[in-house]
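One structure is given here, and the rest of the page talks about it.
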Amino acid sequence: MTAAHRRPVGRDRRAAVLAHFDADGAVAPHVVRLIDALALVAARVVVVSTSGIDAETRGRLPAGVEVFERANTGHDFAGYRAGIDLLDLSTLEELIVVNDSAVLPLVPFDKILGRRAADVWGLTPGYGFAPHLQSYFLVFGPRALASPAFSAFWRTVDVDADRDQVIASSEVGLGTAMRDGGLSIGAFYRPGLRDRLIGAARAHGAEVAAHVRDRRWRRVAGWARRTVQRARQPEWNVSAALADRALGTRSRLPAVKLSVLRDDPYGLGTPHLLSMLERRHPVAFDGVREYLARTDHAYADRWQATQRSQPQGLRYRA
């Protein structure tokens with residue numbers, strides 16, 4: 001049975017776990033909207049917070065949302081594990097795990113969840129190391145929830161791991177463990193060759209800029225050949241290099257990572273990109289600019305640094 005013909009999962013058979021952290025111990029507007037959106041599609045939503053949620057904010061959360069507080073260790077996978085431990089998986093057909101590191105969903109969750117890509121799927125694929133899924137949004141279907149590989153994986157999650165260990169053993173390890181358990185993995189957004197060429201060019205743009213500046217045309221030609229190869233075997237961050245795909249009228253990428261706006265790792269021109277996102281998705285990005293400014297102290301003022309830099313000839317259209 002193909003993904004397009006699978007029986008839809010009812011709200012009462014779906015749960016969600018949200019890993020939350022805020023440097024100021026608050027709940028940002030985009031996180032409140034994410035919780036509201038999850039509550040529309042999942043009967044039970046567990047918010048696992050490592051920074052705390054005050055009583056007033058808890059009182060405004062939708063019915064069916066519960067808050068679990070834990071120490072700030074182990075990063076998001078430890079939070080996911082803590083939330084999953086509170087659930088009776090035998091009553092579920094679908095489980096969403098998501099963190100608050102992205103502005104999402106940019107389209108209603110019904111449209112995203114209706115396009116189930118595999119037994120285990122996420123919004124964006126991960127390149128490098130081994131094929132995997134970027135872990136800010138993951139969905140586990142009925143075959144995954146009933147699989148011994150699922151429960152075995154979560155038992156291995158280290159609640160004291162640092163960020164690099166989480167990426168290597170948990171984010172990349174999840175894909176490997178699920179495939180080894182006979183489960184399929186897939187992504188909602190699958191970049192075609194054109195997008196992969198653009199991503200590869202952006203990831204290695206500084207390299208060619210130096211060659212052009214020094215008029216080393218043979219090296220420019222060599223860079224172009226390598227870019228084609230890098231597009232076929234990518235090793236760059238999809239959600240960062242192709243963040244502007246969220247501007248399309250169909251929102252092929254229905255999420256934007258906050259780290260892209262904070263750090264602009266691929267030189268997309270964060271000030272202009274954010275302005276265009278605010279125009280294209282005014283409700284979803286309401287308060288995001290203020291959140292980035294408010295929490296910048298916890299991220300070495302990286303947001304302010306990107307605001308001082310100017311887009312270099314980049315233009316986006318909503």
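Every chain in the structure tokens takes a letter, A first, then B, and so on in the order presented; its residues are numbered from 1, and the ligands are numbered from 1 following the presented order.
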Selection: 8 Å around range 56-67 of chain A, only C-alpha atoms, excl. self and same-chain fewer than 5 positions, as a PyMOL selection string:
chain A and resi 27+32+35-36+39+43-49
Could you dump the residues just selected with all heavy atoms as an mmCIF file, in the first residue's frame?
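Written out: result36.cif:
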data_model
loop_
_atom_site.group_PDB
_atom_site.id
_atom_site.type_symbol
_atom_site.label_atom_id
_atom_site.label_comp_id
_atom_site.auth_asym_id
_atom_site.auth_seq_id
_atom_site.Cartn_x
_atom_site.Cartn_y
_atom_site.Cartn_z
ATOM 1 N N VAL A 27 8.397 31.197 26.969
ATOM 2 C CA VAL A 27 7.860 30.419 25.855
ATOM 3 C C VAL A 27 7.570 31.408 24.731
ATOM 4 O O VAL A 27 6.652 32.222 24.821
ATOM 5 C CB VAL A 27 6.587 29.654 26.234
ATOM 6 C CG1 VAL A 27 6.103 28.806 25.059
ATOM 7 C CG2 VAL A 27 6.840 28.759 27.442
ATOM 8 N N VAL A 32 4.501 28.811 21.153
ATOM 9 C CA VAL A 32 3.087 28.714 21.516
ATOM 10 C C VAL A 32 2.261 28.292 20.308
ATOM 11 O O VAL A 32 1.379 27.421 20.403
ATOM 12 C CB VAL A 32 2.578 30.065 22.067
ATOM 13 C CG1 VAL A 32 1.061 30.024 22.280
ATOM 14 C CG2 VAL A 32 3.283 30.412 23.378
ATOM 15 N N ILE A 35 2.775 24.579 19.644
ATOM 16 C CA ILE A 35 2.002 23.755 20.575
ATOM 17 C C ILE A 35 0.533 23.739 20.167
ATOM 18 O O ILE A 35 -0.115 22.685 20.152
ATOM 19 C CB ILE A 35 2.168 24.276 22.012
ATOM 20 C CG1 ILE A 35 3.625 24.113 22.479
ATOM 21 C CG2 ILE A 35 1.219 23.544 22.961
ATOM 22 C CD1 ILE A 35 3.920 24.776 23.811
ATOM 23 N N ASP A 36 -0.002 24.903 19.816
ATOM 24 C CA ASP A 36 -1.405 24.974 19.381
ATOM 25 C C ASP A 36 -1.632 24.103 18.146
ATOM 26 O O ASP A 36 -2.650 23.400 18.044
ATOM 27 C CB ASP A 36 -1.785 26.422 19.067
ATOM 28 C CG ASP A 36 -1.894 27.286 20.314
ATOM 29 O OD1 ASP A 36 -1.992 26.723 21.419
ATOM 30 O OD2 ASP A 36 -1.882 28.526 20.167
ATOM 31 N N ALA A 39 -1.625 20.437 19.033
ATOM 32 C CA ALA A 39 -2.836 20.038 19.754
ATOM 33 C C ALA A 39 -4.021 19.831 18.815
ATOM 34 O O ALA A 39 -4.957 19.102 19.153
ATOM 35 C CB ALA A 39 -3.187 21.088 20.815
ATOM 36 N N ALA A 43 -4.005 14.076 20.116
ATOM 37 C CA ALA A 43 -4.826 14.108 21.319
ATOM 38 C C ALA A 43 -3.993 14.356 22.563
ATOM 39 O O ALA A 43 -4.485 14.890 23.558
ATOM 40 C CB ALA A 43 -5.607 12.802 21.447
ATOM 41 N N ARG A 44 -2.748 13.943 22.516
ATOM 42 C CA ARG A 44 -1.871 14.140 23.667
ATOM 43 C C ARG A 44 -0.574 14.791 23.210
ATOM 44 O O ARG A 44 0.082 14.304 22.283
ATOM 45 C CB ARG A 44 -1.575 12.812 24.352
ATOM 46 C CG ARG A 44 -0.867 12.968 25.686
ATOM 47 C CD ARG A 44 -0.745 11.648 26.418
ATOM 48 N NE ARG A 44 -0.090 11.819 27.699
ATOM 49 C CZ ARG A 44 0.326 10.837 28.478
ATOM 50 N NH1 ARG A 44 0.117 9.569 28.084
ATOM 51 N NH2 ARG A 44 0.922 11.064 29.628
ATOM 52 N N VAL A 45 -0.225 15.907 23.839
ATOM 53 C CA VAL A 45 1.002 16.632 23.535
ATOM 54 C C VAL A 45 1.793 16.777 24.827
ATOM 55 O O VAL A 45 1.285 17.337 25.811
ATOM 56 C CB VAL A 45 0.718 18.029 22.942
ATOM 57 C CG1 VAL A 45 2.029 18.763 22.657
ATOM 58 C CG2 VAL A 45 -0.119 17.916 21.667
ATOM 59 N N VAL A 46 3.011 16.254 24.831
ATOM 60 C CA VAL A 46 3.878 16.357 26.000
ATOM 61 C C VAL A 46 4.988 17.350 25.686
ATOM 62 O O VAL A 46 5.774 17.140 24.755
ATOM 63 C CB VAL A 46 4.491 14.989 26.378
ATOM 64 C CG1 VAL A 46 5.403 15.137 27.598
ATOM 65 C CG2 VAL A 46 3.393 13.967 26.643
ATOM 66 N N VAL A 47 5.046 18.435 26.451
ATOM 67 C CA VAL A 47 6.101 19.435 26.301
ATOM 68 C C VAL A 47 7.156 19.142 27.357
ATOM 69 O O VAL A 47 6.885 19.245 28.556
ATOM 70 C CB VAL A 47 5.558 20.861 26.466
ATOM 71 C CG1 VAL A 47 6.685 21.881 26.316
ATOM 72 C CG2 VAL A 47 4.447 21.133 25.448
ATOM 73 N N VAL A 48 8.335 18.756 26.916
ATOM 74 C CA VAL A 48 9.436 18.456 27.831
ATOM 75 C C VAL A 48 10.351 19.674 27.848
ATOM 76 O O VAL A 48 11.039 19.968 26.867
ATOM 77 C CB VAL A 48 10.207 17.199 27.387
ATOM 78 C CG1 VAL A 48 11.344 16.905 28.363
ATOM 79 C CG2 VAL A 48 9.264 16.007 27.294
ATOM 80 N N SER A 49 10.345 20.391 28.947
ATOM 81 C CA SER A 49 11.079 21.656 29.031
ATOM 82 C C SER A 49 12.294 21.527 29.943
ATOM 83 O O SER A 49 12.206 20.979 31.036
ATOM 84 C CB SER A 49 10.170 22.767 29.559
ATOM 85 O OG SER A 49 10.888 23.981 29.677
#
Would you kindly return, as an MDAnalysis selection string, each protein, DNA or RNA residue with an atom no farther than 8 Å from any atom of range 85-100 of chain A, considering only C-alpha atoms and excluding same-chain residues fewer than 6 positions away?
chainID A and resid 9 13:21 31 76 135:142 145:146
Mind the document's chain letters and residue numbers, and return as a PyMOL selection string the residues of range 50-254 of chain A that DSSP labels strand (DSSP E).
chain A and resi 65-69+94-99+102-103+120-122+125-126+132-133+137-140+185-187
Pick out the residues sitting within 12 Å of Val283 in chain A, and hand them over as an mmCIF file with N, CA and C atoms, in the first residue's frame; count only C-alpha atoms, and ignore anything fewer than 5 positions along from it in its own chain.
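Below you can see out.cif, which holds the result:
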data_model
loop_
_atom_site.group_PDB
_atom_site.id
_atom_site.type_symbol
_atom_site.label_atom_id
_atom_site.label_comp_id
_atom_site.auth_asym_id
_atom_site.auth_seq_id
_atom_site.Cartn_x
_atom_site.Cartn_y
_atom_site.Cartn_z
ATOM 1 N N PRO A 29 6.532 33.232 21.163
ATOM 2 C CA PRO A 29 5.279 33.137 20.396
ATOM 3 C C PRO A 29 5.279 32.023 19.356
ATOM 4 N N HIS A 30 6.417 31.805 18.682
ATOM 5 C CA HIS A 30 6.411 30.750 17.663
ATOM 6 C C HIS A 30 6.290 29.363 18.303
ATOM 7 N N ARG A 33 2.567 28.882 19.148
ATOM 8 C CA ARG A 33 1.824 28.509 17.935
ATOM 9 C C ARG A 33 2.090 27.062 17.546
ATOM 10 N N LEU A 34 3.328 26.593 17.746
ATOM 11 C CA LEU A 34 3.651 25.201 17.453
ATOM 12 C C LEU A 34 2.852 24.269 18.365
ATOM 13 N N VAL A 103 10.901 27.510 13.034
ATOM 14 C CA VAL A 103 9.575 28.100 12.896
ATOM 15 C C VAL A 103 8.781 27.167 11.995
ATOM 16 N N LEU A 104 7.775 26.531 12.567
ATOM 17 C CA LEU A 104 6.968 25.573 11.822
ATOM 18 C C LEU A 104 5.651 25.347 12.551
ATOM 19 N N PRO A 105 4.626 24.840 11.859
ATOM 20 C CA PRO A 105 4.572 24.521 10.434
ATOM 21 C C PRO A 105 4.167 25.751 9.628
ATOM 22 N N LEU A 106 4.726 25.896 8.449
ATOM 23 C CA LEU A 106 4.373 27.009 7.574
ATOM 24 C C LEU A 106 3.155 26.689 6.713
ATOM 25 N N VAL A 107 2.733 25.450 6.748
ATOM 26 C CA VAL A 107 1.443 25.036 6.187
ATOM 27 C C VAL A 107 0.768 24.206 7.274
ATOM 28 N N LEU A 277 10.445 36.421 4.682
ATOM 29 C CA LEU A 277 9.671 35.401 5.393
ATOM 30 C C LEU A 277 8.538 36.042 6.187
ATOM 31 N N GLU A 278 8.798 37.201 6.772
ATOM 32 C CA GLU A 278 7.744 37.910 7.508
ATOM 33 C C GLU A 278 6.611 38.331 6.574
ATOM 34 N N VAL A 288 9.224 36.486 15.868
ATOM 35 C CA VAL A 288 10.486 35.761 15.696
ATOM 36 C C VAL A 288 11.679 36.710 15.760
#
Go through A:Ala231, A:Ala224, A:Leu274, A:Gly83 and flag the residue nearest Asp286 in chain A, using only C-alpha atoms for the distances.
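Of A:Ala231, A:Ala224, A:Leu274, A:Gly83, the one nearest Asp286 in chain A, counting only C-alpha atoms, is A:Leu274.
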Contact residues around Asp195 in chain A with only C-alpha atoms at 12 Å, ignoring same-chain residues under 5 positions, as a VMD selection string
chain A and resid 189 to 190 200 to 202 227 to 228 230 to 232 234 238 to 239 241 to 245 252 to 253
Output file for the selection above: C-alpha atoms, as a PDB file, in the first residue's frame:
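As a result, out_29.pdb now contains:
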ATOM      1  CA  TYR A 189      11.173  17.700   1.331  1.00  0.00           C
ATOM      2  CA  ARG A 190      13.439  15.852  -1.081  1.00  0.00           C
ATOM      3  CA  ALA A 200      26.330  22.716  -3.128  1.00  0.00           C
ATOM      4  CA  ALA A 201      27.200  26.069  -4.699  1.00  0.00           C
ATOM      5  CA  ARG A 202      26.157  27.927  -1.551  1.00  0.00           C
ATOM      6  CA  THR A 227      29.882  21.392  -7.462  1.00  0.00           C
ATOM      7  CA  VAL A 228      28.111  18.944  -9.771  1.00  0.00           C
ATOM      8  CA  ARG A 230      28.836  17.610  -4.563  1.00  0.00           C
ATOM      9  CA  ALA A 231      25.234  17.881  -5.731  1.00  0.00           C
ATOM     10  CA  ARG A 232      25.193  14.160  -6.490  1.00  0.00           C
ATOM     11  CA  PRO A 234      25.874  16.178  -0.887  1.00  0.00           C
ATOM     12  CA  VAL A 238      19.669  21.041   3.714  1.00  0.00           C
ATOM     13  CA  SER A 239      17.614  23.210   6.058  1.00  0.00           C
ATOM     14  CA  ALA A 241      21.536  25.915   2.521  1.00  0.00           C
ATOM     15  CA  LEU A 242      17.993  25.876   1.091  1.00  0.00           C
ATOM     16  CA  ALA A 243      16.112  27.863   3.732  1.00  0.00           C
ATOM     17  CA  ASP A 244      14.684  30.187   1.094  1.00  0.00           C
ATOM     18  CA  ARG A 245      12.641  27.286  -0.275  1.00  0.00           C
ATOM     19  CA  ARG A 252       8.043  23.087  -0.334  1.00  0.00           C
ATOM     20  CA  LEU A 253      10.073  23.451   2.854  1.00  0.00           C
TER      21      LEU A 253
END
Out of A:Ala240, A:Ala293, A:Ala144, A:Ala255, which residue has the shortest atom-to-atom distance to Gly269 in chain A when counting only C-alpha atoms?
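So, comparing all the options, the nearest one is A:Ala240.
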Go through A:Ser259, A:Ala305, A:Val212, A:Leu268 and flag the residue nearest Ile198 in chain A, using only C-alpha atoms for the distances.
A:Leu268
Could you pull out all residues of range 16-258 of chain A with a DSSP call of helix (DSSP H, G or I) and give them as a CSV table (one decimal) with C-alpha atoms, in the first residue's frame?
chain,number,residue,atom,x,y,z
A,29,PRO,CA,5.3,33.1,20.4
A,30,HIS,CA,6.4,30.8,17.7
A,31,VAL,CA,6.6,28.0,20.3
A,32,VAL,CA,3.1,28.7,21.5
A,33,ARG,CA,1.8,28.5,17.9
A,34,LEU,CA,3.7,25.2,17.5
A,35,ILE,CA,2.0,23.8,20.6
A,36,ASP,CA,-1.4,25.0,19.4
A,37,ALA,CA,-0.8,23.4,16.0
A,38,LEU,CA,0.2,20.1,17.5
A,39,ALA,CA,-2.8,20.0,19.8
A,40,LEU,CA,-5.1,20.3,16.7
A,41,VAL,CA,-3.7,17.0,15.3
A,55,ALA,CA,2.0,28.6,35.7
A,56,GLU,CA,0.4,31.4,33.8
A,57,THR,CA,1.7,30.1,30.4
A,58,ARG,CA,0.7,26.6,31.4
A,59,GLY,CA,-2.8,27.8,32.0
A,60,ARG,CA,-3.1,29.1,28.4
A,75,HIS,CA,19.9,17.9,24.4
A,76,ASP,CA,16.8,17.1,22.4
A,77,PHE,CA,17.0,13.4,22.1
A,78,ALA,CA,17.1,13.1,25.9
A,79,GLY,CA,14.0,15.3,26.0
A,80,TYR,CA,12.3,13.1,23.3
A,81,ARG,CA,13.1,10.0,25.3
A,82,ALA,CA,11.6,11.5,28.5
A,83,GLY,CA,8.4,12.4,26.7
A,84,ILE,CA,8.1,9.0,25.0
A,89,LEU,CA,2.7,3.5,22.6
A,90,SER,CA,0.3,0.6,22.2
A,91,THR,CA,-2.5,3.0,21.9
A,109,PHE,CA,0.0,20.0,9.9
A,110,ASP,CA,-2.8,18.1,8.1
A,111,LYS,CA,-1.1,18.8,4.8
A,112,ILE,CA,2.3,17.7,6.1
A,113,LEU,CA,1.1,14.6,8.0
A,142,PRO,CA,2.6,2.3,13.2
A,143,ARG,CA,5.2,-0.2,12.0
A,144,ALA,CA,8.0,1.9,13.7
A,145,LEU,CA,6.1,2.1,17.0
A,148,PRO,CA,11.7,-3.7,18.6
A,149,ALA,CA,14.2,-1.4,16.8
A,150,PHE,CA,12.3,1.6,18.0
A,151,SER,CA,12.3,0.7,21.7
A,152,ALA,CA,15.9,-0.5,21.5
A,153,PHE,CA,17.1,2.7,20.0
A,154,TRP,CA,15.5,4.9,22.7
A,155,ARG,CA,17.1,2.8,25.4
A,156,THR,CA,20.5,3.7,24.0
A,163,ARG,CA,25.9,18.1,21.1
A,164,ASP,CA,28.4,16.3,18.9
A,165,GLN,CA,27.6,13.0,20.5
A,166,VAL,CA,23.9,13.5,20.0
A,167,ILE,CA,24.4,14.2,16.3
A,168,ALA,CA,26.6,11.2,15.8
A,169,SER,CA,24.9,8.6,18.0
A,170,SER,CA,21.3,9.8,18.0
A,171,GLU,CA,20.5,11.8,14.9
A,172,VAL,CA,22.6,9.7,12.5
A,173,GLY,CA,22.3,6.6,14.6
A,174,LEU,CA,18.5,6.8,14.4
A,175,GLY,CA,18.4,6.3,10.7
A,176,THR,CA,20.9,3.5,10.8
A,177,ALA,CA,19.0,1.7,13.6
A,178,MET,CA,15.6,2.1,11.9
A,179,ARG,CA,16.9,0.8,8.6
A,180,ASP,CA,18.7,-2.1,10.3
A,193,LEU,CA,19.0,18.0,-8.7
A,194,ARG,CA,18.5,21.8,-9.2
A,195,ASP,CA,18.1,22.4,-5.5
A,196,ARG,CA,21.1,20.2,-4.7
A,197,LEU,CA,23.2,22.2,-7.2
A,198,ILE,CA,22.2,25.4,-5.5
A,199,GLY,CA,22.9,24.0,-2.1
A,200,ALA,CA,26.3,22.7,-3.1
A,201,ALA,CA,27.2,26.1,-4.7
A,202,ARG,CA,26.2,27.9,-1.6
A,203,ALA,CA,28.0,25.6,0.7
A,205,GLY,CA,30.7,29.7,-2.4
A,206,ALA,CA,33.7,31.2,-0.6
A,207,GLU,CA,36.0,28.9,-2.4
A,208,VAL,CA,34.9,30.1,-5.9
A,209,ALA,CA,34.8,33.7,-4.8
A,210,ALA,CA,38.5,33.7,-4.1
A,211,HIS,CA,39.2,32.1,-7.5
A,212,VAL,CA,37.1,34.7,-9.3
A,213,ARG,CA,38.8,37.5,-7.4
A,217,TRP,CA,39.6,30.7,-14.3
A,218,ARG,CA,40.8,27.1,-14.5
A,219,ARG,CA,40.1,26.8,-10.8
A,220,VAL,CA,36.7,28.3,-11.3
A,221,ALA,CA,36.0,25.6,-13.9
A,222,GLY,CA,37.3,22.9,-11.5
A,223,TRP,CA,35.0,24.3,-8.8
A,224,ALA,CA,32.0,24.0,-11.2
A,225,ARG,CA,32.8,20.4,-11.9
A,226,ARG,CA,33.2,19.7,-8.2
A,227,THR,CA,29.9,21.4,-7.5
A,228,VAL,CA,28.1,18.9,-9.8
A,229,GLN,CA,29.7,16.1,-7.9
A,230,ARG,CA,28.8,17.6,-4.6
A,231,ALA,CA,25.2,17.9,-5.7
A,232,ARG,CA,25.2,14.2,-6.5
A,238,VAL,CA,19.7,21.0,3.7
A,239,SER,CA,17.6,23.2,6.1
A,240,ALA,CA,20.4,25.8,6.1
A,241,ALA,CA,21.5,25.9,2.5
A,243,ALA,CA,16.1,27.9,3.7
A,244,ASP,CA,14.7,30.2,1.1
A,245,ARG,CA,12.6,27.3,-0.3
A,246,ALA,CA,10.2,28.2,2.5
A,247,LEU,CA,9.3,31.3,0.4
A,258,LEU,CA,16.2,29.6,13.8
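Put simply, CA of Arg280 in chain A is 24.2 Å away from CA of Asp296 in chain A.
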What gap, in Å, lies between CA of Arg115 in chain A and CA of Arg11 in chain A?
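Pair CA of Arg115 in chain A / CA of Arg11 in chain A returns 15.6 Å.
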Residue nearest Lys257 in chain A - candidates A:Ala102, A:Leu183, A:Val120, A:Ala284, atoms counted: only C-alpha atoms
A:Ala102
